[in-house]
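Structure, as structure tokens:
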Amino acid sequence: MSVLQDLNQKFQEEYMANAVLGIILSSCLGSIAAMMILIDGNTIFNLIHLTWIVSVCMIYNMAFIVHLKENLVLNILYLSVASSLLTILYHIIF
């Protein structure tokens, strides 16, 4: 069993608890990423980047609230966390 399949299975076993923890994780990382983008300035690139981060985090919240399939919710969580972490790492390194 691959790591992603194992995570998917564990996520689905305790879906409600894990999805709520995902909301907290996505929102916290998204707010840190948004703060780092805004500290960098208000160029058009930064505003587009900020829009992307906020949109992805809100799409995850929406996916959970409207009860989309568990696999889709988990994939959107991966996208949200990856986007936020890459943004944070980018602003730390550069």
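Here's how to read the names in the structure tokens: chain A, B, ... by the order shown, residue numbers from 1 in each chain, ligand numbers from 1 in the order shown.
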Do you know which residues are at most 12 Å from segment 4-14 of chain A counting only C-alpha atoms, after dropping those on the same chain fewer than 4 positions away, and could you put them as a PyMOL selection string? chain A and resi 18-22+69-75+77-78
Could you check the closest approach to Ser26 of chain A for each of A:Leu89, A:Cys57, A:Ile48, A:Leu68 and tell me which residue wins, using only C-alpha atoms? A:Cys57
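Comparing the minimum interatomic distances between Ala82 of chain A and each of A:Gly30, A:Thr43, A:His49, A:Ala17, counting only C-alpha atoms, we find that A:Gly30 sits nearest.
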What's around Ile39 of chain A at 12 Å? Count only C-alpha atoms, leave out sequence neighbours fewer than 5 positions away in its own chain, and write the answer as a ChimeraX atom specification. /A:32-34,46-47,50,88,91-92
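Proximity ranking of A:Ile37, A:Ile23, A:Ile44, A:Phe94 relative to Ser80 of chain A places A:Ile23 first, based on only C-alpha atoms.
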